[in-house]
file protein.pdb (PDB, C-alpha atoms)
ATOM      1  CA  MET D 930     -72.996 -19.935 -18.763
ATOM      2  CA  VAL D 931     -70.900 -21.590 -16.099
ATOM      3  CA  PHE D 932     -68.783 -23.167 -18.830
ATOM      4  CA  LEU D 933     -68.122 -19.723 -20.429
ATOM      5  CA  TYR D 934     -67.216 -18.229 -17.037
ATOM      6  CA  ASN D 935     -64.701 -21.031 -16.395
ATOM      7  CA  VAL D 936     -63.066 -20.550 -19.812
ATOM      8  CA  ILE D 937     -62.710 -16.793 -19.247
ATOM      9  CA  MET D 938     -61.260 -17.278 -15.773
ATOM     10  CA  LYS D 939     -58.736 -19.846 -17.019
ATOM     11  CA  ARG D 940     -57.584 -17.464 -19.755
ATOM     12  CA  LEU D 941     -57.277 -14.571 -17.295
ATOM     13  CA  PHE D 942     -55.313 -16.773 -14.907
ATOM     14  CA  LYS D 943     -52.976 -17.836 -17.737
ATOM     15  CA  LEU D 944     -52.485 -14.189 -18.787
ATOM     16  CA  ALA D 945     -51.747 -13.156 -15.198
ATOM     17  CA  TYR D 946     -49.163 -15.918 -14.946
ATOM     18  CA  VAL D 947     -47.425 -14.736 -18.134
ATOM     19  CA  VAL D 948     -47.366 -11.142 -16.877
ATOM     20  CA  LEU D 949     -46.008 -12.233 -13.508
ATOM     21  CA  VAL D 950     -43.235 -14.385 -14.955
ATOM     22  CA  THR D 951     -42.153 -12.358 -17.987
ATOM     23  CA  GLY D 952     -42.938  -8.841 -16.828
ATOM     24  CA  ALA D 953     -45.182  -8.191 -19.860
ATOM     25  CA  PHE D 954     -47.288  -5.002 -19.752
ATOM     26  CA  LEU D 955     -45.134  -3.557 -16.919
ATOM     27  CA  PRO D 956     -44.095   0.055 -17.557
ATOM     28  CA  CYS D 957     -40.556  -0.528 -16.148
ATOM     29  CA  VAL D 958     -38.644  -3.784 -16.332
ATOM     30  CA  SER D 959     -35.930  -4.310 -13.705
ATOM     31  CA  LEU D 960     -32.419  -4.405 -15.110
ATOM     32  CA  ALA D 961     -31.204  -6.543 -12.211
ATOM     33  CA  ALA D 962     -27.926  -4.641 -11.866
ATOM     34  CA  SER D 963     -27.592  -4.967  -8.110
ATOM     35  CA  PHE D 964     -24.385  -3.777  -6.492
ATOM     36  CA  ALA D 965     -22.438  -4.022  -3.274
ATOM     37  CA  ILE D 966     -20.388  -1.534  -1.267
ATOM     38  CA  VAL D 967     -17.053  -2.690   0.152
ATOM     39  CA  PRO D 968     -16.691  -2.033   3.017
ATOM     40  CA  SER D 969     -20.215  -1.235   4.170
ATOM     41  CA  VAL D 970     -18.746   0.646   7.147
ATOM     42  CA  VAL D 971     -15.851   2.892   6.128
ATOM     43  CA  THR D 972     -13.639   4.942   8.421
ATOM     44  CA  GLN D 973     -12.942   8.625   7.821
ATOM     45  CA  GLY D 974      -9.989   8.946   5.467
ATOM     46  CA  GLU D 975     -10.410   5.575   3.798
ATOM     47  CA  PRO D 976     -11.661   4.465   0.364
ATOM     48  CA  LEU D 977     -14.660   2.350  -0.536
ATOM     49  CA  MET D 978     -15.448   0.350  -3.644
ATOM     50  CA  VAL D 979     -18.772  -0.103  -5.420
ATOM     51  CA  VAL D 980     -18.888  -3.507  -7.117
ATOM     52  CA  LEU D 981     -21.568  -4.015  -9.758
ATOM     53  CA  GLY D 982     -23.151  -7.433  -9.621
ATOM     54  CA  ASP D 983     -24.301  -7.639 -13.245
ATOM     55  CA  THR D 984     -21.619  -6.478 -15.659
ATOM     56  CA  THR D 985     -23.922  -6.887 -18.662
ATOM     57  CA  ALA D 986     -26.150  -4.073 -17.411
ATOM     58  CA  THR D 987     -23.485  -1.345 -17.377
ATOM     59  CA  THR D 988     -24.604  -0.046 -20.784
ATOM     60  CA  SER D 989     -28.012   0.642 -19.244
ATOM     61  CA  ILE D 990     -26.597   2.751 -16.401
ATOM     62  CA  LYS D 991     -26.972   6.505 -16.596
ATOM     63  CA  ARG D 992     -25.215   7.535 -13.384
ATOM     64  CA  LEU D 993     -23.611   6.125 -10.272
ATOM     65  CA  ALA D 994     -23.248   8.692  -7.513
ATOM     66  CA  ILE D 995     -22.779   9.513  -3.856
ATOM     67  CA  GLY D 996     -24.542  12.800  -3.257
ATOM     68  CA  ALA D 997     -23.419  15.253  -5.942
ATOM     69  CA  THR D 998     -20.299  13.214  -6.784
ATOM     70  CA  SER D 999     -20.539  10.999  -9.871
ATOM     71  CA  LEU D1000     -18.465   7.827  -9.712
ATOM     72  CA  PRO D1001     -16.840   6.617 -12.945
ATOM     73  CA  ILE D1002     -17.259   2.902 -13.570
ATOM     74  CA  THR D1003     -14.207   0.940 -14.687
ATOM     75  CA  MET D1004     -12.980  -2.642 -14.947
ATOM     76  CA  TYR D1005     -10.774  -4.212 -12.272
ATOM     77  CA  HIS D1006     -10.057  -7.950 -11.959
ATOM     78  CA  HIS D1007     -12.823  -8.712 -14.493
ATOM     79  CA  LYS D1008     -15.411  -6.820 -12.452
ATOM     80  CA  TYR D1009     -16.995  -3.437 -12.956
ATOM     81  CA  ILE D1010     -16.168  -1.201 -10.008
ATOM     82  CA  ALA D1011     -16.105   2.427  -8.889
ATOM     83  CA  LEU D1012     -13.849   3.975  -6.244
ATOM     84  CA  TYR D1013     -14.720   6.707  -3.760
ATOM     85  CA  GLY D1014     -12.564   8.404  -1.164
ATOM     86  CA  VAL D1015     -13.984   9.446   2.200
ATOM     87  CA  ASP D1016     -12.348  12.638   3.424
ATOM     88  CA  LEU D1017     -10.396  12.565   6.682
ATOM     89  CA  ARG D1018     -12.821  15.151   8.083
ATOM     90  CA  ALA D1019     -15.974  13.768   6.441
ATOM     91  CA  LYS D1020     -19.243  13.939   8.358
ATOM     92  CA  THR D1021     -19.947  10.649  10.091
ATOM     93  CA  GLY D1022     -23.224   8.742   9.755
ATOM     94  CA  THR D1023     -25.162   7.044   6.984
ATOM     95  CA  SER D1024     -24.730   7.953   3.340
ATOM     96  CA  THR D1025     -26.065   6.347   0.162
ATOM     97  CA  VAL D1026     -24.814   5.159  -3.207
ATOM     98  CA  VAL D1027     -27.459   5.724  -5.907
ATOM     99  CA  LEU D1028     -27.501   3.895  -9.228
ATOM    100  CA  THR D1029     -29.681   5.532 -11.886
ATOM    101  CA  PHE D1030     -30.634   3.700 -15.077
ATOM    102  CA  LYS D1031     -31.386   5.242 -18.450
ATOM    103  CA  ASN D1032     -35.037   4.199 -18.138
ATOM    104  CA  GLY D1033     -35.405   6.211 -14.932
ATOM    105  CA  GLN D1034     -35.220   3.373 -12.448
ATOM    106  CA  LYS D1035     -33.000   3.774  -9.398
ATOM    107  CA  GLU D1036     -31.315   1.496  -6.904
ATOM    108  CA  SER D1037     -29.733   2.703  -3.682
ATOM    109  CA  VAL D1038     -27.562   1.060  -1.043
ATOM    110  CA  PRO D1039     -26.564   2.752   2.241
ATOM    111  CA  PHE D1040     -23.163   2.713   3.885
ATOM    112  CA  VAL D1041     -21.842   4.114   7.141
ATOM    113  CA  ILE D1042     -18.957   6.543   7.662
ATOM    114  CA  SER D1043     -17.438   5.885  11.060
ATOM    115  CA  SER D1044     -15.199   8.250  13.007
ATOM    116  CA  ARG D1045     -11.443   7.861  13.102
ATOM    117  CA  LYS D1046      -9.885   7.971  16.537
ATOM    118  CA  LYS D1047      -8.067  11.273  16.891
ATOM    119  CA  GLU D1048      -4.396  10.873  17.694
ATOM    120  CA  THR D1049      -1.660  13.466  18.062
ATOM    121  CA  ALA D1050       2.105  13.392  18.326
ATOM    122  CA  PRO D1051       4.732  16.112  18.658
ATOM    123  CA  LEU D1052       6.917  16.985  15.696
ATOM    124  CA  GLY D1053       9.675  19.540  15.517
ATOM    125  CA  ILE D1054      10.745  21.765  12.635
ATOM    126  CA  PRO D1055      14.187  20.993  11.172
ATOM    127  CA  ALA D1056      16.880  23.672  11.322
ATOM    128  CA  LYS D1057      16.774  24.100   7.525
ATOM    129  CA  LEU D1058      13.223  25.495   7.956
ATOM    130  CA  GLY D1059      14.038  27.700  10.931
ATOM    131  CA  GLY D1060      13.818  25.290  13.841
ATOM    132  CA  THR D1061      10.911  24.830  16.240
ATOM    133  CA  SER D1062       9.620  28.294  17.135
ATOM    134  CA  THR D1063       6.359  30.233  16.963
ATOM    135  CA  SER D1064       7.563  32.303  14.001
ATOM    136  CA  SER D1065       8.858  29.246  12.139
ATOM    137  CA  VAL D1066       5.638  27.296  12.591
ATOM    138  CA  LYS D1067       3.568  30.249  11.307
ATOM    139  CA  ALA D1068       5.804  30.475   8.243
ATOM    140  CA  LEU D1069       5.558  26.704   7.782
ATOM    141  CA  VAL D1070       1.757  26.682   7.954
ATOM    142  CA  SER D1071       1.603  29.568   5.466
ATOM    143  CA  ALA D1072       4.007  27.808   3.092
ATOM    144  CA  LEU D1073       2.083  24.551   3.410
ATOM    145  CA  ALA D1074      -1.155  26.310   2.439
ATOM    146  CA  SER D1075       0.507  27.968  -0.581
ATOM    147  CA  ASP D1076       2.091  24.699  -1.699
ATOM    148  CA  GLN D1077      -1.261  22.944  -1.376
ATOM    149  CA  VAL D1078      -3.046  25.548  -3.510
ATOM    150  CA  LEU D1079      -0.476  25.153  -6.291
ATOM    151  CA  LEU D1080      -0.592  21.369  -6.067
ATOM    152  CA  ASN D1081      -4.400  21.307  -6.251
ATOM    153  CA  ARG D1082      -4.364  23.562  -9.295
ATOM    154  CA  LYS D1083      -1.962  21.286 -11.130
ATOM    155  CA  THR D1084      -3.788  18.018 -10.325
ATOM    156  CA  PRO D1085      -7.191  18.216 -12.043
ATOM    157  CA  THR D1086      -9.514  15.238 -12.465
ATOM    158  CA  THR D1087      -8.983  13.315 -15.703
ATOM    159  CA  LEU D1088     -12.227  11.793 -16.954
ATOM    160  CA  LYS D1089     -10.664   8.653 -18.377
ATOM    161  CA  LYS D1090      -8.772   5.659 -17.107
ATOM    162  CA  ILE D1091      -4.980   5.727 -17.442
ATOM    163  CA  TRP D1092      -3.870   3.049 -14.982
ATOM    164  CA  GLN D1093      -3.562  -0.602 -16.010
ATOM    165  CA  GLY D1094      -3.663  -3.815 -14.025
ATOM    166  CA  ASP D1095      -2.716  -4.080 -10.375
ATOM    167  CA  PHE D1096      -1.184  -1.357  -8.237
ATOM    168  CA  SER D1097       2.298  -2.009  -6.880
ATOM    169  CA  TYR D1098       4.260  -0.455  -4.027
ATOM    170  CA  PRO D1099       6.593   2.499  -4.638
ATOM    171  CA  LEU D1100       9.579   0.723  -3.084
ATOM    172  CA  LYS D1101      11.052  -2.744  -3.483
ATOM    173  CA  GLU D1102      10.639  -3.248   0.265
ATOM    174  CA  VAL D1103       7.982  -1.388   2.239
ATOM    175  CA  VAL D1104       8.050  -0.780   5.972
ATOM    176  CA  VAL D1105       5.620   1.816   7.316
ATOM    177  CA  THR D1106       7.338   4.129   9.792
ATOM    178  CA  ASP D1107       4.565   6.706  10.145
ATOM    179  CA  SER D1108       0.853   6.076   9.625
ATOM    180  CA  TYR D1109      -1.929   8.079   8.053
ATOM    181  CA  GLY D1110      -4.466  10.271   9.784
ATOM    182  CA  TYR D1111      -2.958  11.471  13.020
ATOM    183  CA  SER D1112      -2.138  15.132  13.720
ATOM    184  CA  ARG D1113       1.383  16.398  14.186
ATOM    185  CA  VAL D1114       1.562  19.095  16.870
ATOM    186  CA  THR D1115       4.218  21.748  16.374
ATOM    187  CA  ALA D1116       4.375  24.860  18.559
ATOM    188  CA  GLY D1117       0.620  24.726  19.133
ATOM    189  CA  GLU D1118      -0.321  24.062  15.487
ATOM    190  CA  GLU D1119      -1.856  20.749  14.350
ATOM    191  CA  ILE D1120      -1.070  19.436  10.873
ATOM    192  CA  ALA D1121      -2.763  16.232   9.734
ATOM    193  CA  HIS D1122      -0.524  13.555   8.245
ATOM    194  CA  LYS D1123      -2.368  12.673   5.025
ATOM    195  CA  GLY D1124      -0.178   9.869   3.778
ATOM    196  CA  VAL D1125       2.138   7.114   4.968
ATOM    197  CA  ASP D1126       5.887   7.240   5.462
ATOM    198  CA  TYR D1127       7.992   4.308   4.288
ATOM    199  CA  ARG D1128      11.476   3.556   5.502
ATOM    200  CA  ALA D1129      13.944   4.636   2.813
ATOM    201  CA  GLU D1130      17.497   5.908   3.080
ATOM    202  CA  VAL D1131      18.557   8.784   0.842
ATOM    203  CA  GLY D1132      18.995   7.502  -2.702
ATOM    204  CA  THR D1133      16.563   4.562  -2.543
ATOM    205  CA  PRO D1134      14.861   4.025  -5.954
ATOM    206  CA  VAL D1135      11.203   5.102  -6.030
ATOM    207  CA  TYR D1136       8.765   3.621  -8.555
ATOM    208  CA  ALA D1137       5.400   4.620 -10.033
ATOM    209  CA  ILE D1138       2.659   2.527  -8.444
ATOM    210  CA  ASN D1139       0.884   2.281 -11.807
ATOM    211  CA  ARG D1140       0.702   3.737 -15.300
ATOM    212  CA  GLY D1141      -0.066   7.442 -15.369
ATOM    213  CA  VAL D1142       0.753  10.956 -16.535
ATOM    214  CA  VAL D1143       3.136  13.088 -14.485
ATOM    215  CA  ARG D1144       1.212  16.251 -13.639
ATOM    216  CA  VAL D1145       3.704  17.668 -11.129
ATOM    217  CA  SER D1146       7.480  17.304 -10.892
ATOM    218  CA  ARG D1147       9.005  20.177  -8.955
ATOM    219  CA  TYR D1148      10.386  21.401  -5.663
ATOM    220  CA  PHE D1149       8.110  22.733  -2.894
ATOM    221  CA  LYS D1150       9.249  24.344   0.347
ATOM    222  CA  THR D1151       7.229  21.947   2.508
ATOM    223  CA  PHE D1152       6.836  18.871   0.270
ATOM    224  CA  GLY D1153      10.412  19.000  -0.996
ATOM    225  CA  ASN D1154      10.974  17.362  -4.364
ATOM    226  CA  LEU D1155       7.546  16.029  -5.333
ATOM    227  CA  VAL D1156       6.159  13.933  -8.167
ATOM    228  CA  ALA D1157       2.395  13.626  -8.677
ATOM    229  CA  ILE D1158       1.098  11.002 -11.113
ATOM    230  CA  ASP D1159      -2.398  11.099 -12.580
ATOM    231  CA  HIS D1160      -3.815   7.570 -12.967
ATOM    232  CA  GLY D1161      -7.164   8.763 -14.311
ATOM    233  CA  TYR D1162     -10.697   9.112 -12.918
ATOM    234  CA  GLY D1163      -9.463  11.433 -10.152
ATOM    235  CA  LEU D1164      -6.905   8.962  -8.773
ATOM    236  CA  TYR D1165      -3.432  10.355  -8.009
ATOM    237  CA  SER D1166      -0.284   9.083  -6.327
ATOM    238  CA  LEU D1167       2.128  11.610  -4.810
ATOM    239  CA  TYR D1168       5.748  10.994  -3.815
ATOM    240  CA  LEU D1169       7.281  13.542  -1.410
ATOM    241  CA  HIS D1170      10.713  14.521  -0.025
ATOM    242  CA  LEU D1171      12.626  13.005  -2.957
ATOM    243  CA  SER D1172      16.351  13.695  -3.309
ATOM    244  CA  LYS D1173      16.092  13.471  -7.105
ATOM    245  CA  ARG D1174      13.326  13.467  -9.718
ATOM    246  CA  PHE D1175      13.741  11.530 -12.979
ATOM    247  CA  VAL D1176      10.470  12.453 -14.741
ATOM    248  CA  ASN D1177       9.041  15.597 -16.313
ATOM    249  CA  GLU D1178       5.568  17.095 -16.236
ATOM    250  CA  GLY D1179       3.383  15.738 -19.048
ATOM    251  CA  GLU D1180       5.353  12.502 -19.326
ATOM    252  CA  LEU D1181       3.483   9.193 -19.529
ATOM    253  CA  VAL D1182       5.103   6.652 -17.202
ATOM    254  CA  SER D1183       4.619   2.910 -17.202
ATOM    255  CA  PRO D1184       3.843   0.807 -14.117
ATOM    256  CA  GLN D1185       6.874   0.431 -11.843
ATOM    257  CA  ALA D1186       8.897   2.989 -13.820
ATOM    258  CA  GLN D1187      11.602   4.577 -11.679
ATOM    259  CA  ILE D1188      10.569   8.180 -11.083
ATOM    260  CA  GLY D1189      13.188   9.327  -8.575
ATOM    261  CA  LEU D1190      15.205   8.682  -5.447
ATOM    262  CA  SER D1191      14.030   9.003  -1.854
ATOM    263  CA  GLY D1192      15.395  11.762   0.350
ATOM    264  CA  ASP D1193      14.750  14.256   3.131
ATOM    265  CA  THR D1194      13.926  17.460   1.227
ATOM    266  CA  GLY D1195      11.266  19.886   2.446
ATOM    267  CA  TYR D1196       9.543  19.447   5.817
ATOM    268  CA  ALA D1197      11.228  16.199   6.806
ATOM    269  CA  GLU D1198      13.291  15.479   9.901
ATOM    270  CA  GLY D1199      14.923  12.454   8.304
ATOM    271  CA  ALA D1200      15.098  10.449   5.112
ATOM    272  CA  HIS D1201      11.967   8.524   4.087
ATOM    273  CA  LEU D1202       9.386   8.284   1.327
ATOM    274  CA  HIS D1203       6.014   9.890   1.970
ATOM    275  CA  LEU D1204       3.296   8.436  -0.279
ATOM    276  CA  SER D1205      -0.111  10.067  -0.616
ATOM    277  CA  ILE D1206      -3.080   8.659  -2.526
ATOM    278  CA  ARG D1207      -5.819  11.031  -3.650
ATOM    279  CA  LEU D1208      -9.293  10.352  -4.976
ATOM    280  CA  ASP D1209     -11.039  13.443  -6.367
ATOM    281  CA  GLY D1210      -8.771  15.679  -4.318
ATOM    282  CA  LYS D1211      -9.272  13.801  -1.048
ATOM    283  CA  ALA D1212      -6.169  12.279   0.523
ATOM    284  CA  ILE D1213      -6.956   8.751   1.689
ATOM    285  CA  ASP D1214      -5.013   6.150   3.642
ATOM    286  CA  PRO D1215      -2.641   4.362   1.219
ATOM    287  CA  VAL D1216      -2.580   1.238   3.411
ATOM    288  CA  ALA D1217      -6.384   1.007   3.239
ATOM    289  CA  PHE D1218      -6.215   1.638  -0.526
ATOM    290  CA  TYR D1219      -3.880  -1.311  -1.129
ATOM    291  CA  THR D1220      -5.905  -3.541   1.189
ATOM    292  CA  LEU D1221      -9.159  -2.705  -0.581
ATOM    293  CA  LEU D1222      -7.809  -3.509  -4.042
ATOM    294  CA  LYS D1223      -6.236  -6.765  -2.901
ATOM    295  CA  ASP D1224      -9.504  -7.984  -1.416
ATOM    296  CA  ILE D1225     -11.467  -7.944  -4.678
TER
END
call {"tool": "encode", "arguments": {"input": "protein.pdb", "output": "structure tokens"}}
result
Amino acid sequence: MVFLYNVIMKRLFKLAYVVLVTGAFLPCVSLAASFAIVPSVVTQGEPLMVVLGDTTATTSIKRLAIGATSLPITMYHHKYIALYGVDLRAKTGTSTVVLTFKNGQKESVPFVISSRKKETAPLGIPAKLGGTSTSSVKALVSALASDQVLLNRKTPTTLKKIWQGDFSYPLKEVVVTDSYGYSRVTAGEEIAHKGVDYRAEVGTPVYAINRGVVRVSRYFKTFGNLVAIDHGYGLYSLYLHLSKRFVNEGELVSPQAQIGLSGDTGYAEGAHLHLSIRLDGKAIDPVAFYTLLKDI
């Protein structure tokens, strides 16, 4: 009897070992597709990147999301990644990236949105737009809102990847003369600067930062001559205040293709190139965007 008991126990122990090691008889088997968020603490107005640790498991992924926003997964530097832009006015605190597999399993990783220090600086209105006055600033704010509505309508999210390889700068030499995120105060009105300004005399060649489709190429009262390029998956680059535009709407441009010349058109007190980067309609800091992609 003792002998039979020992045999049974040995077989049960062996079976338990097999189940423990191989995962046999478990209703859900882990797909081991862990991921990381870079950076884990992101400032308002900056992008973050989700880097998948196991590229072989991407076919088993159903959805990658932050809240109600689904993040498209793409390849960059031989790694599967997803990009997400944190709005300049996003609520601070802890948020979560959730990875859902086709078998129902989920993985989640938290990240923190930190506040951006609020900074302001005075900015006048050039004479071509009426000069700095209460009436001019009201007209400017109204025009800016109208221009923004039109621009948003013409820059929808494309659910496929268009860009290729690395992102380059829009100028041969880049010197930032005005940073992202601060508010320009004009006659009591505050207008956030949602891009960076690069030093560029009138007539300096401007280049596409990557492959994409030109969705907008036209003149706006506030933006001046503007070109907006769709790089796919909700990623756009916008080039403002150009003196000339060399591309047409609907045109596919290659990386580093010349798209125009810098200038001082629209709401600009002097010649420069204003570059904006948008992710799903949210304007993020271009400097942080380039830094993030170089770090991977």
call {"tool": "closest_residue", "arguments": {"input": "protein.pdb", "among": "D:Ser969, D:Thr1021, D:Ser1112, D:Thr1086", "to": "D:Val1038", "atoms": "all atoms listed in the file"}}
result
D:Ser969
call {"tool": "residues_around", "arguments": {"input": "protein.pdb", "residues": "stretch 1069-1080 of chain D", "least_positions_apart": "3", "cutoff": "6 Å", "atoms": "all atoms listed in the file", "output": "count of residues only"}}
result
3
call {"tool": "closest_residue", "arguments": {"input": "protein.pdb", "among": "D:Leu981, D:Ile1188, D:Ala1129, D:Leu1058", "to": "D:Ala1200", "atoms": "all atoms listed in the file"}}
result
D:Ala1129
call {"tool": "closest_residue", "arguments": {"input": "protein.pdb", "among": "D:Glu1102, D:Glu975, D:Glu1048, D:Glu1178", "to": "D:Leu1208", "atoms": "all atoms listed in the file"}}
result
D:Glu975
call {"tool": "resolve_selection", "arguments": {"input": "protein.pdb", "expression": "the PyMOL selection byres ((chain D and resi 987-998) around 10)", "output": "mmCIF file with C-alpha atoms, keeping the file's coordinate frame"}}
result
data_model
loop_
_atom_site.group_PDB
_atom_site.id
_atom_site.type_symbol
_atom_site.label_atom_id
_atom_site.label_comp_id
_atom_site.auth_asym_id
_atom_site.auth_seq_id
_atom_site.Cartn_x
_atom_site.Cartn_y
_atom_site.Cartn_z
ATOM 1 C CA LEU D 960 -32.419 -4.405 -15.110
ATOM 2 C CA ALA D 962 -27.926 -4.641 -11.866
ATOM 3 C CA VAL D 979 -18.772 -0.103 -5.420
ATOM 4 C CA LEU D 981 -21.568 -4.015 -9.758
ATOM 5 C CA GLY D 982 -23.151 -7.433 -9.621
ATOM 6 C CA ASP D 983 -24.301 -7.639 -13.245
ATOM 7 C CA THR D 984 -21.619 -6.478 -15.659
ATOM 8 C CA THR D 985 -23.922 -6.887 -18.662
ATOM 9 C CA ALA D 986 -26.150 -4.073 -17.411
ATOM 10 C CA SER D 999 -20.539 10.999 -9.871
ATOM 11 C CA LEU D 1000 -18.465 7.827 -9.712
ATOM 12 C CA PRO D 1001 -16.840 6.617 -12.945
ATOM 13 C CA ILE D 1002 -17.259 2.902 -13.570
ATOM 14 C CA THR D 1003 -14.207 0.940 -14.687
ATOM 15 C CA TYR D 1009 -16.995 -3.437 -12.956
ATOM 16 C CA ALA D 1011 -16.105 2.427 -8.889
ATOM 17 C CA TYR D 1013 -14.720 6.707 -3.760
ATOM 18 C CA SER D 1024 -24.730 7.953 3.340
ATOM 19 C CA THR D 1025 -26.065 6.347 0.162
ATOM 20 C CA VAL D 1026 -24.814 5.159 -3.207
ATOM 21 C CA VAL D 1027 -27.459 5.724 -5.907
ATOM 22 C CA LEU D 1028 -27.501 3.895 -9.228
ATOM 23 C CA THR D 1029 -29.681 5.532 -11.886
ATOM 24 C CA PHE D 1030 -30.634 3.700 -15.077
ATOM 25 C CA LYS D 1031 -31.386 5.242 -18.450
ATOM 26 C CA ASN D 1032 -35.037 4.199 -18.138
ATOM 27 C CA GLY D 1033 -35.405 6.211 -14.932
ATOM 28 C CA GLN D 1034 -35.220 3.373 -12.448
ATOM 29 C CA LYS D 1035 -33.000 3.774 -9.398
ATOM 30 C CA GLU D 1036 -31.315 1.496 -6.904
ATOM 31 C CA SER D 1037 -29.733 2.703 -3.682
ATOM 32 C CA PRO D 1039 -26.564 2.752 2.241
ATOM 33 C CA ASP D 1209 -11.039 13.443 -6.367
#
call {"tool": "atom_distance", "arguments": {"input": "protein.pdb", "atom1": "atom CA of D:Lys1211", "atom2": "atom CA of D:Ser1097"}}
result
20.4 Å
call {"tool": "atom_distance", "arguments": {"input": "protein.pdb", "atom1": "atom CA of D:Val970", "atom2": "atom CA of D:Val1216"}}
result
16.6 Å
call {"tool": "resolve_selection", "arguments": {"input": "protein.pdb", "expression": "the PyMOL selection byres ((chain D and resi 1135) around 9)", "output": "PyMOL selection string"}}
result
chain D and resi 1099-1101+1132-1134+1136-1137+1168+1171+1185-1191+1202
call {"tool": "closest_residue", "arguments": {"input": "protein.pdb", "among": "D:Met1004, D:Ile1138, D:Leu977, D:Ala1157", "to": "D:Ala1217", "atoms": "only C-alpha atoms"}}
result
D:Leu977
call {"tool": "closest_residue", "arguments": {"input": "protein.pdb", "among": "D:Ala1197, D:Leu1169, D:Leu1181, D:Val1131", "to": "D:Leu1052", "atoms": "all atoms listed in the file"}}
result
D:Ala1197
call {"tool": "closest_residue", "arguments": {"input": "protein.pdb", "among": "D:Arg1082, D:Lys1150, D:Gly1199, D:Tyr1098", "to": "D:Glu1130", "atoms": "all atoms listed in the file"}}
result
D:Gly1199
call {"tool": "resolve_selection", "arguments": {"input": "protein.pdb", "expression": "the PyMOL selection byres ((chain D and resi 1154) around 6)", "output": "number ranges by chain"}}
result
D: 1147-1148, 1153, 1155, 1170-1171
call {"tool": "write_last_selection", "arguments": {"input": "protein.pdb", "atoms": "C-alpha atoms", "output": "mmCIF file, in the frame of the given file"}}
result
data_model
loop_
_atom_site.group_PDB
_atom_site.id
_atom_site.type_symbol
_atom_site.label_atom_id
_atom_site.label_comp_id
_atom_site.auth_asym_id
_atom_site.auth_seq_id
_atom_site.Cartn_x
_atom_site.Cartn_y
_atom_site.Cartn_z
ATOM 1 C CA ARG D 1147 9.005 20.177 -8.955
ATOM 2 C CA TYR D 1148 10.386 21.401 -5.663
ATOM 3 C CA GLY D 1153 10.412 19.000 -0.996
ATOM 4 C CA LEU D 1155 7.546 16.029 -5.333
ATOM 5 C CA HIS D 1170 10.713 14.521 -0.025
ATOM 6 C CA LEU D 1171 12.626 13.005 -2.957
#
call {"tool": "atom_distance", "arguments": {"input": "protein.pdb", "atom1": "atom CA of D:Ile1213", "atom2": "atom CA of D:Asp1107"}}
result
14.4 Å
call {"tool": "residues_near_point", "arguments": {"input": "protein.pdb", "point": "(-9.5, 11.7, 7.3)", "cutoff": "7 Å", "atoms": "all atoms listed in the file", "output": "ChimeraX atom specification"}}
result
/D:973-974,1016-1019,1110,1213
call {"tool": "residues_around", "arguments": {"input": "protein.pdb", "residues": "D:Tyr1005", "least_positions_apart": "2", "cutoff": "12 Å", "atoms": "only C-alpha atoms", "output": "list in words"}}
result
Met978, Val979, Val980, Leu981, Thr984, Ile1002, Thr1003, His1007, Lys1008, Tyr1009, Ile1010, Ala1011, Leu1012, Lys1090, Trp1092, Gln1093, Gly1094, Asp1095, Phe1096, Leu1221, Leu1222, Lys1223, Asp1224 and Ile1225 of chain D
call {"tool": "residues_around", "arguments": {"input": "protein.pdb", "residues": "D:His1122", "least_positions_apart": "5", "cutoff": "10 Å", "atoms": "all atoms listed in the file", "output": "PyMOL selection string"}}
result
chain D and resi 1049+1107-1113+1203+1205+1212+1214
call {"tool": "residues_around", "arguments": {"input": "protein.pdb", "residues": "D:Gly1060", "least_positions_apart": "5", "cutoff": "12 Å", "atoms": "all atoms listed in the file", "output": "list in words"}}
result
Leu1052, Gly1053, Ile1054, Pro1055, Ser1065, Val1066, Lys1067, Ala1068, Leu1069, Thr1115, Ala1116, Tyr1196, Ala1197 and Glu1198 of chain D
call {"tool": "axis_aligned_box", "arguments": {"input": "protein.pdb", "around": "stretch 1039-1055 of chain D", "padding_each_side": "4 Å", "output": "AutoDock Vina command-line options"}}
result
--center_x -6.2 --center_y 12.2 --center_z 10.4 --size_x 48.8 --size_y 27.1 --size_z 24.4
call {"tool": "build_atoms", "arguments": {"input": "protein.pdb", "residues": "stretch 1061-1065 of chain D", "atoms": "N, CA, C and O atoms", "output": "CSV table (one decimal), in the frame of the given file"}}
result
chain,number,residue,atom,x,y,z
D,1061,THR,N,12.2,24.8,15.6
D,1061,THR,CA,10.9,24.8,16.2
D,1061,THR,C,10.7,26.1,17.0
D,1061,THR,O,11.3,26.3,18.1
D,1062,SER,N,9.9,27.0,16.5
D,1062,SER,CA,9.6,28.3,17.1
D,1062,SER,C,8.3,28.8,16.6
D,1062,SER,O,7.8,28.3,15.6
D,1063,THR,N,7.7,29.7,17.4
D,1063,THR,CA,6.4,30.2,17.0
D,1063,THR,C,6.4,30.9,15.6
D,1063,THR,O,5.5,30.7,14.8
D,1064,SER,N,7.5,31.6,15.3
D,1064,SER,CA,7.6,32.3,14.0
D,1064,SER,C,7.8,31.3,12.9
D,1064,SER,O,7.2,31.4,11.8
D,1065,SER,N,8.6,30.3,13.2
D,1065,SER,CA,8.9,29.2,12.1
D,1065,SER,C,7.6,28.4,11.8
D,1065,SER,O,7.4,28.1,10.7
